[in-house]
Every structure is written in C-alpha cells, then in structure tokens.
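The next block is target-v7.cif, given as mmCIF, C-alpha atoms.
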```cif
data_run
loop_
_atom_site.label_atom_id
_atom_site.label_comp_id
_atom_site.auth_asym_id
_atom_site.auth_seq_id
_atom_site.Cartn_x
_atom_site.Cartn_y
_atom_site.Cartn_z
CA MET T 136 -51.65 -34.78 -64.04
CA LYS T 137 -52.40 -36.51 -60.74
CA ARG T 138 -53.23 -35.30 -57.23
CA VAL T 139 -51.14 -36.74 -54.40
CA MET T 140 -52.11 -36.66 -50.72
CA LEU T 141 -49.42 -36.57 -48.04
CA THR T 142 -49.73 -37.36 -44.35
CA VAL T 143 -47.23 -35.01 -42.70
CA SER T 144 -45.77 -35.11 -39.19
CA TYR T 145 -43.58 -32.35 -37.82
CA ASP T 146 -42.00 -30.74 -34.81
CA GLY T 147 -43.21 -27.15 -35.11
CA THR T 148 -40.62 -25.64 -32.74
CA ASN T 149 -38.49 -24.02 -35.42
CA TYR T 150 -41.31 -22.96 -37.76
CA SER T 151 -43.67 -20.00 -37.98
CA GLY T 152 -46.65 -22.29 -38.37
CA TRP T 153 -47.95 -24.14 -41.42
CA GLN T 154 -48.89 -21.38 -43.84
CA VAL T 155 -46.35 -19.68 -46.12
CA GLN T 156 -45.22 -16.30 -44.80
CA PRO T 157 -42.74 -14.00 -46.55
CA GLY T 158 -39.32 -14.08 -44.90
CA ARG T 159 -40.25 -16.87 -42.46
CA GLU T 160 -39.64 -20.62 -42.50
CA THR T 161 -42.92 -22.57 -42.45
CA ILE T 162 -43.95 -26.18 -42.91
CA GLU T 163 -45.82 -25.38 -46.13
CA GLY T 164 -42.85 -23.45 -47.48
CA VAL T 165 -40.44 -26.33 -46.84
CA LEU T 166 -42.81 -28.83 -48.49
CA ASN T 167 -43.25 -26.59 -51.54
CA ARG T 168 -39.49 -26.22 -51.91
CA CYS T 169 -38.70 -29.93 -51.49
CA ILE T 170 -41.46 -31.21 -53.79
CA SER T 171 -40.58 -28.63 -56.45
CA GLY T 172 -36.93 -29.67 -56.27
CA LEU T 173 -37.89 -33.34 -56.61
CA THR T 174 -40.30 -32.96 -59.55
CA GLY T 175 -38.81 -29.96 -61.34
CA GLU T 176 -42.24 -28.29 -61.20
CA SER T 177 -43.50 -25.26 -59.32
CA ILE T 178 -45.52 -26.93 -56.56
CA GLU T 179 -47.80 -25.35 -53.97
CA VAL T 180 -49.39 -27.77 -51.51
CA ILE T 181 -52.88 -27.36 -50.04
CA GLY T 182 -52.92 -28.11 -46.31
CA ALA T 183 -55.86 -29.43 -44.32
CA SER T 184 -55.02 -27.71 -41.03
CA ARG T 185 -52.99 -24.50 -40.87
CA THR T 186 -51.38 -24.97 -37.47
CA ASP T 187 -49.91 -22.00 -35.58
CA SER T 188 -46.28 -21.16 -34.92
CA GLY T 189 -44.69 -23.73 -32.58
CA VAL T 190 -47.57 -26.25 -32.82
CA HIS T 191 -46.70 -29.87 -33.66
CA ALA T 192 -48.48 -32.51 -35.75
CA MET T 193 -48.43 -36.28 -35.95
CA GLY T 194 -50.61 -36.45 -39.04
CA ASN T 195 -51.57 -33.27 -40.87
CA VAL T 196 -52.76 -33.68 -44.47
CA ALA T 197 -51.70 -31.90 -47.65
CA VAL T 198 -52.32 -32.42 -51.37
CA PHE T 199 -50.54 -31.25 -54.52
CA ASP T 200 -50.87 -31.72 -58.28
CA THR T 201 -48.02 -33.06 -60.36
CA GLU T 202 -47.20 -34.43 -63.80
CA SER T 203 -44.25 -36.35 -62.36
CA LEU T 204 -43.92 -40.02 -63.27
CA ILE T 205 -43.01 -40.86 -59.67
CA PRO T 206 -45.73 -43.20 -58.33
CA ALA T 207 -47.86 -41.49 -55.68
CA GLU T 208 -46.96 -44.03 -52.99
CA LYS T 209 -43.23 -43.44 -53.57
CA PHE T 210 -43.33 -39.71 -52.84
CA SER T 211 -43.12 -40.36 -49.09
CA TYR T 212 -39.80 -42.19 -49.48
CA ALA T 213 -38.34 -39.69 -51.95
CA LEU T 214 -39.33 -36.62 -49.94
CA ASN T 215 -38.04 -37.98 -46.65
CA GLN T 216 -34.59 -38.05 -48.24
CA ARG T 217 -34.84 -34.29 -48.83
CA LEU T 218 -36.79 -32.97 -45.86
CA PRO T 219 -35.17 -31.77 -42.62
CA GLU T 220 -35.28 -34.17 -39.67
CA ASP T 221 -38.13 -32.31 -37.97
CA ILE T 222 -40.54 -32.94 -40.89
CA ARG T 223 -41.44 -36.43 -42.09
CA ILE T 224 -44.01 -37.82 -44.54
CA GLN T 225 -45.87 -40.75 -42.97
CA GLY T 226 -47.59 -41.82 -46.18
CA SER T 227 -48.49 -40.72 -49.70
CA GLU T 228 -51.26 -41.82 -52.06
CA GLU T 229 -53.13 -40.72 -55.16
CA VAL T 230 -56.56 -39.15 -54.65
CA PRO T 231 -59.24 -37.88 -57.08
CA GLY T 232 -58.35 -34.66 -58.86
CA ASP T 233 -61.18 -32.72 -57.20
CA PHE T 234 -60.29 -33.83 -53.66
CA HIS T 235 -59.71 -30.83 -51.38
CA PRO T 236 -58.86 -31.55 -47.72
CA ARG T 237 -60.48 -28.37 -46.39
CA HIS T 238 -63.74 -28.95 -48.28
CA CYS T 239 -64.36 -32.40 -46.81
CA VAL T 240 -66.24 -33.27 -43.64
CA SER T 241 -63.49 -34.17 -41.21
CA ARG T 242 -62.65 -34.57 -37.55
CA LYS T 243 -59.46 -33.23 -36.02
CA THR T 244 -58.06 -34.39 -32.70
CA TYR T 245 -55.66 -32.24 -30.71
CA GLU T 246 -53.80 -32.98 -27.49
CA TYR T 247 -52.55 -30.31 -25.13
CA ARG T 248 -49.90 -31.56 -22.68
CA ILE T 249 -49.08 -29.93 -19.36
CA TYR T 250 -46.08 -30.86 -17.25
CA SER T 251 -46.81 -30.06 -13.60
CA ALA T 252 -43.87 -30.27 -11.18
CA PRO T 253 -41.91 -28.16 -8.69
CA PHE T 254 -39.25 -27.56 -11.35
CA ALA T 255 -39.21 -27.60 -15.14
CA GLN T 256 -37.80 -30.63 -16.95
CA PRO T 257 -35.71 -29.43 -19.93
CA VAL T 258 -36.34 -32.54 -22.05
CA ARG T 259 -40.09 -31.80 -21.94
CA ARG T 260 -39.92 -28.09 -22.71
CA LEU T 261 -40.60 -28.40 -26.46
CA TYR T 262 -43.67 -30.64 -26.25
CA SER T 263 -45.52 -29.63 -23.09
CA HIS T 264 -46.36 -26.51 -21.11
CA PHE T 265 -44.72 -26.35 -17.70
CA THR T 266 -46.51 -25.17 -14.56
CA TYR T 267 -45.37 -25.43 -10.95
CA VAL T 268 -48.92 -24.73 -9.70
CA PRO T 269 -50.77 -28.00 -8.86
CA LEU T 270 -53.80 -28.69 -11.06
CA ASP T 271 -57.00 -30.44 -9.96
CA VAL T 272 -57.74 -32.81 -12.84
CA GLU T 273 -61.27 -33.61 -11.64
CA ARG T 274 -62.23 -29.94 -11.65
CA MET T 275 -60.78 -29.64 -15.16
CA ARG T 276 -62.91 -32.59 -16.30
CA GLN T 277 -66.02 -30.95 -14.89
CA GLY T 278 -65.26 -27.70 -16.69
CA ALA T 279 -64.46 -29.53 -19.94
CA ALA T 280 -67.91 -31.13 -20.04
CA TYR T 281 -69.50 -27.73 -20.77
CA LEU T 282 -67.43 -27.40 -23.97
CA VAL T 283 -68.84 -30.51 -25.65
CA GLY T 284 -71.52 -29.99 -28.30
CA GLU T 285 -72.38 -27.19 -30.71
CA HIS T 286 -71.81 -23.74 -29.26
CA ASP T 287 -70.81 -20.24 -30.22
CA PHE T 288 -67.12 -20.30 -29.28
CA LYS T 289 -66.52 -16.59 -29.75
CA SER T 290 -65.10 -16.41 -26.20
CA PHE T 291 -62.59 -19.12 -27.17
CA CYS T 292 -61.04 -17.63 -30.29
CA SER T 293 -58.58 -14.88 -31.06
CA VAL T 294 -60.07 -11.44 -31.64
CA ASP T 295 -58.16 -11.49 -34.96
CA THR T 296 -60.24 -14.36 -36.35
CA GLN T 297 -61.59 -13.91 -39.87
CA ALA T 298 -64.11 -16.74 -39.61
CA GLN T 299 -67.59 -15.99 -40.96
CA THR T 300 -69.17 -17.73 -37.97
CA THR T 301 -67.81 -18.66 -34.55
CA VAL T 302 -70.25 -21.56 -34.07
CA ARG T 303 -68.43 -24.88 -33.93
CA ARG T 304 -69.19 -28.46 -32.90
CA VAL T 305 -66.87 -30.16 -30.40
CA ASP T 306 -67.34 -33.93 -30.26
CA SER T 307 -65.37 -34.61 -27.09
CA VAL T 308 -63.06 -33.06 -24.50
CA GLU T 309 -61.15 -35.49 -22.30
CA VAL T 310 -58.78 -34.67 -19.45
CA TRP T 311 -56.55 -37.23 -17.79
CA GLU T 312 -53.32 -37.60 -15.87
CA GLU T 313 -50.62 -39.94 -17.11
CA GLY T 314 -49.11 -40.39 -13.65
CA ALA T 315 -45.85 -39.45 -12.03
CA VAL T 316 -43.05 -38.85 -14.48
CA GLY T 317 -39.43 -38.13 -13.71
CA ILE T 318 -36.30 -39.78 -12.37
CA LYS T 319 -36.88 -42.01 -9.36
CA HIS T 320 -34.45 -44.11 -7.32
CA ALA T 321 -35.40 -46.74 -4.79
CA ALA T 322 -33.37 -46.38 -1.57
CA GLU T 323 -31.96 -49.86 -1.87
CA ASP T 324 -30.63 -49.08 -5.34
CA VAL T 325 -28.38 -46.29 -4.05
CA VAL T 326 -25.13 -48.01 -3.19
CA ALA T 327 -21.54 -47.18 -2.33
CA CYS T 328 -18.75 -49.33 -3.73
CA SER T 329 -15.39 -50.06 -2.12
CA VAL T 330 -12.53 -52.34 -3.02
CA GLN T 331 -11.33 -54.79 -0.40
CA GLY T 332 -8.43 -56.76 -1.72
CA SER T 333 -9.50 -58.14 -5.10
CA ALA T 334 -13.26 -57.99 -4.36
CA VAL T 335 -15.69 -55.16 -4.95
CA VAL T 336 -18.07 -54.74 -2.02
CA GLU T 337 -21.37 -52.87 -2.38
CA LYS T 338 -23.41 -51.50 0.52
CA PRO T 339 -26.43 -49.19 0.74
CA CYS T 340 -25.46 -45.53 0.76
CA ALA T 341 -26.39 -43.69 3.95
CA ALA T 342 -27.94 -40.93 1.85
CA GLY T 343 -30.05 -43.40 -0.14
CA GLY T 344 -33.30 -42.79 1.69
CA ALA T 345 -32.99 -39.01 1.50
CA ALA T 346 -32.12 -39.15 -2.22
CA ALA T 347 -35.12 -41.35 -2.95
CA GLY T 348 -37.37 -39.00 -1.01
CA ARG T 349 -36.16 -35.98 -2.95
CA ALA T 350 -36.60 -37.76 -6.28
CA GLU T 351 -40.15 -38.78 -5.34
CA ALA T 352 -41.03 -35.26 -4.28
CA GLN T 353 -39.67 -33.80 -7.52
CA ALA T 354 -41.41 -36.28 -9.83
CA GLY T 355 -43.85 -34.42 -12.06
CA ARG T 356 -47.28 -35.19 -13.46
CA GLU T 357 -48.24 -34.99 -17.13
CA ILE T 358 -51.81 -33.87 -17.71
CA VAL T 359 -53.39 -34.28 -21.14
CA ILE T 360 -56.36 -32.39 -22.60
CA ARG T 361 -57.65 -34.12 -25.73
CA VAL T 362 -60.16 -32.24 -27.92
CA ALA T 363 -61.89 -33.66 -31.00
CA GLY T 364 -64.18 -31.76 -33.32
CA ARG T 365 -65.23 -30.95 -36.87
CA GLY T 366 -63.38 -27.65 -37.00
CA PHE T 367 -61.67 -25.11 -34.77
CA LEU T 368 -61.29 -21.36 -34.64
CA TYR T 369 -57.97 -19.52 -34.48
CA ASN T 370 -56.31 -20.35 -31.11
CA MET T 371 -59.51 -22.10 -29.95
CA VAL T 372 -57.90 -25.22 -28.46
CA ARG T 373 -55.13 -23.23 -26.76
CA ILE T 374 -57.69 -20.88 -25.16
CA MET T 375 -59.74 -23.89 -24.04
CA ALA T 376 -56.59 -25.34 -22.46
CA GLY T 377 -55.71 -22.05 -20.79
CA THR T 378 -59.22 -21.75 -19.38
CA LEU T 379 -59.26 -25.33 -18.07
CA MET T 380 -55.92 -24.72 -16.37
CA GLU T 381 -57.48 -21.72 -14.60
CA VAL T 382 -60.23 -24.08 -13.40
CA GLY T 383 -57.63 -26.64 -12.31
CA ARG T 384 -55.72 -23.99 -10.32
CA GLY T 385 -58.91 -23.04 -8.48
CA HIS T 386 -59.05 -19.55 -10.01
CA MET T 387 -62.58 -20.18 -11.26
CA PRO T 388 -65.26 -22.83 -10.58
CA PRO T 389 -65.92 -25.47 -13.29
CA GLU T 390 -69.42 -24.11 -13.96
CA ARG T 391 -67.91 -20.76 -14.95
CA VAL T 392 -67.05 -22.34 -18.32
CA LYS T 393 -70.76 -22.35 -19.18
CA ASP T 394 -70.95 -18.61 -18.43
CA ILE T 395 -67.84 -17.95 -20.52
CA LEU T 396 -69.47 -19.61 -23.52
CA ALA T 397 -72.63 -17.53 -23.06
CA ALA T 398 -70.63 -14.29 -22.80
CA CYS T 399 -69.28 -14.50 -26.38
CA ASP T 400 -66.42 -12.30 -25.21
CA ARG T 401 -62.73 -13.24 -25.47
CA GLN T 402 -61.99 -11.29 -22.27
CA ALA T 403 -64.23 -13.67 -20.29
CA ALA T 404 -62.07 -16.76 -20.98
CA GLY T 405 -58.67 -17.72 -19.64
CA PRO T 406 -55.29 -17.02 -21.27
CA THR T 407 -54.08 -18.56 -24.51
CA ALA T 408 -51.88 -21.51 -23.50
CA PRO T 409 -48.39 -21.58 -25.09
CA ALA T 410 -48.11 -23.29 -28.48
CA CYS T 411 -45.45 -25.84 -27.45
CA GLY T 412 -47.96 -28.02 -25.60
CA LEU T 413 -50.28 -28.50 -28.59
CA THR T 414 -50.09 -31.36 -31.10
CA LEU T 415 -52.47 -32.32 -33.90
CA VAL T 416 -52.60 -36.06 -33.20
CA GLY T 417 -55.36 -37.20 -35.56
CA TYR T 418 -57.11 -36.18 -38.78
CA GLU T 419 -59.90 -38.30 -40.24
CA PHE T 420 -62.25 -37.76 -43.16
CA LEU T 421 -65.88 -38.58 -42.41
CA PRO T 422 -68.49 -40.00 -44.83
#
```

Using the file provided, produce a representation of the structure as structure tokens.
Amino acid sequence: MKRVMLTVSYDGTNYSGWQVQPGRETIEGVLNRCISGLTGESIEVIGASRTDSGVHAMGNVAVFDTESLIPAEKFSYALNQRLPEDIRIQGSEEVPGDFHPRHCVSRKTYEYRIYSAPFAQPVRRLYSHFTYVPLDVERMRQGAAYLVGEHDFKSFCSVDTQAQTTVRRVDSVEVWEEGAVGIKHAAEDVVACSVQGSAVVEKPCAAGGAAAGRAEAQAGREIVIRVAGRGFLYNMVRIMAGTLMEVGRGHMPPERVKDILAACDRQAAGPTAPACGLTLVGYEFLP
C-alpha cells in the first residue's frame, strides 16, 4: 500500500464544486471514478481544499491510497488519458502513509478576477466577474489593508458555515489592475483595398479614426484581488471580493471594512461575488 499525492488543476464551470454530492458531477467524484477504473480498486481521494461550485483551481492537492504497481510519478500521465479536458493532473508523487493535506500547516492563494468594461466580453465570462460600473482600485487597496492579519471573519463567511471558530489569519491581500484589455486598432491600420489594373492599392479608410476611437473606449480593465492565508471560511474570499467591489464603486468608504470586521455580522459585509471569478492559484505546505 502506498499513498499518492496529486496536484490537480480544473475548470470548475461544469462541476458542483470539489466534494462528492449525490446526483451531481464534482471534481472529487470524477477523480474517484477515474482512479478506480485505472487501478481496479475502490478509491476515494482526500482533497486539501473543497472549492465551491464554479470555482477553478490551478493547483489543488489530493491524496489516495493504492496497492497498484503503477509508480506514483506515472499516475499523472495515466490519469490524464482518462480525465475530461477540464481536469488535468499537474504532477503525482508518493508521500508518507500518514500524510493528510488538511492536517498540515499550509498557505492557500486565491485570485478573484473582475472584468470592468462598458460591455461584457464573452470569452472572459467563465473566468472573471463582469461589471460595467467603474472601480477605484486605490480605494479597494485601502479597504483590503484592513483584512490582513488575524481577525474574526464572521462577517465574511456564509451563515451556513459549520466551522468551530471564525477566527482566521490572512497573510496578504493585494489589489491591482492589469491594464486595458480588449481589441484595439490603430487608425493607420484600418485600410481599404482596391484593384487598379494588376496592382492592389491600399489607402487609409475614412472611418479608421472613428473605429479606433470606439475600440479604445470599449477596451476593458481586468482587476485582480489576490488573497493568501492559512485557511478560509465558507465563501470568505468571495465575500471579501464583493465587499471590496462595493468600496471600489464608492458605495462605502475604505475604512468601513474595519467596522465590518468588528460587527461579526454577515449582513454588514458586501454581497458574495460570483464563483466564476475565483481561482485557487497556489497551495503550499509550510514547515
């Protein structure tokens, strides 16, 4: 018997979260089915982070026990031949038999992405939250600073949480803008073509300047909220993102975040941001 650790990336769009649920397709359920089919055993993986429905991951961690003769490092290759395209194993290795990913000291890093533009961009709809309301990134940074450290995050978790304590330590909260994103055309690149004899003649299109102006005006901004910490409550990062967006819209001052923490009341915080914008981007085990 050996214990194998997998690093798992997935697009959570089509799944009801990580954890097995009767009658629903989940990441854990797919892994159990594929590993069991590969080894001929009844396998149940243990996941490090049980992400919600629609949330993505670049590197979640799971372990399972097996008597299979397949070398631990080869499981990643074998499973990727069986898994659907929206789930991929990034690496596999053998770990001690008593290793449990949820019982280790670890740091998780999440990113919440917001696409801010006059109109939604369909190719971004699965991996970012769209808003047409402009956001003030500096105000969001100021509000985020109050969330760093050890606090009672009861205001920032779902009322359905079953956690024994709502005190958590957040190591960092960063907010930045990745710049204008979208389709742009320089005016001089917009040309009209005509054939004169055997030659093709190009000349600037009269509408070039107007087209370039419209493209520039419609270019969006992608804003990223990155949160790192030792552990998170149910919906905690999404509520933090929703609250910081309220600050960025000017609906509350940055210093209100401090009062929200002190209130220990879910009703005091902002809305829960949609799941599509959230990705688990890093998972590290600490000494």

Selection dump of the PyMOL selection byres ((chain T and resi 273-289) around 6), as a PDB file with C-alpha atoms, keeping the file's coordinate frame:
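Saved result, expr_14.pdb, follows:
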```pdb
ATOM      1  CA  ASP T 271     -57.000 -30.440  -9.960  1.00  0.00           C
ATOM      2  CA  VAL T 272     -57.740 -32.810 -12.840  1.00  0.00           C
ATOM      3  CA  SER T 290     -65.100 -16.410 -26.200  1.00  0.00           C
ATOM      4  CA  PHE T 291     -62.590 -19.120 -27.170  1.00  0.00           C
ATOM      5  CA  CYS T 292     -61.040 -17.630 -30.290  1.00  0.00           C
ATOM      6  CA  THR T 301     -67.810 -18.660 -34.550  1.00  0.00           C
ATOM      7  CA  VAL T 302     -70.250 -21.560 -34.070  1.00  0.00           C
ATOM      8  CA  ARG T 303     -68.430 -24.880 -33.930  1.00  0.00           C
ATOM      9  CA  ARG T 304     -69.190 -28.460 -32.900  1.00  0.00           C
ATOM     10  CA  VAL T 305     -66.870 -30.160 -30.400  1.00  0.00           C
ATOM     11  CA  ASP T 306     -67.340 -33.930 -30.260  1.00  0.00           C
ATOM     12  CA  SER T 307     -65.370 -34.610 -27.090  1.00  0.00           C
ATOM     13  CA  VAL T 308     -63.060 -33.060 -24.500  1.00  0.00           C
ATOM     14  CA  VAL T 310     -58.780 -34.670 -19.450  1.00  0.00           C
ATOM     15  CA  LEU T 379     -59.260 -25.330 -18.070  1.00  0.00           C
ATOM     16  CA  VAL T 382     -60.230 -24.080 -13.400  1.00  0.00           C
ATOM     17  CA  GLY T 383     -57.630 -26.640 -12.310  1.00  0.00           C
ATOM     18  CA  PRO T 389     -65.920 -25.470 -13.290  1.00  0.00           C
ATOM     19  CA  VAL T 392     -67.050 -22.340 -18.320  1.00  0.00           C
ATOM     20  CA  LYS T 393     -70.760 -22.350 -19.180  1.00  0.00           C
ATOM     21  CA  CYS T 399     -69.280 -14.500 -26.380  1.00  0.00           C
TER      22      CYS T 399
END
```

Would you kindly identify which residues have an atom no farther than 12 Å from (-41.2, -30.9, -19.8), using only C-alpha atoms and the file's own coordinates, and write them out as a PyMOL selection string?
chain T and resi 248-267+316-317+354-358+411-412

To test your reading of the syntax: which residues would the PyMOL selection byres ((chain T and resi 149) around 10) return for the file shown? Reply as a PyMOL selection string.
chain T and resi 146-148+150-152+160-162+188-190+221

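Rounded to one decimal, CA of Glu176 in chain T and CA of Tyr212 in chain T lie 18.3 Å from each other.
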
Under the PyMOL selection byres ((chain T and resi 418) around 12), which residues of this model are included? Write them out as a ChimeraX atom specification.
/T:142-144,182-184,192-197,236-237,239-245,362-366,414-417,419-421

Could you check how far CA of Val155 in chain T sits from CA of Gln297 in chain T, in Å to one decimal?
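Between CA of Val155 in chain T and CA of Gln297 in chain T the gap works out to 17.5 Å.
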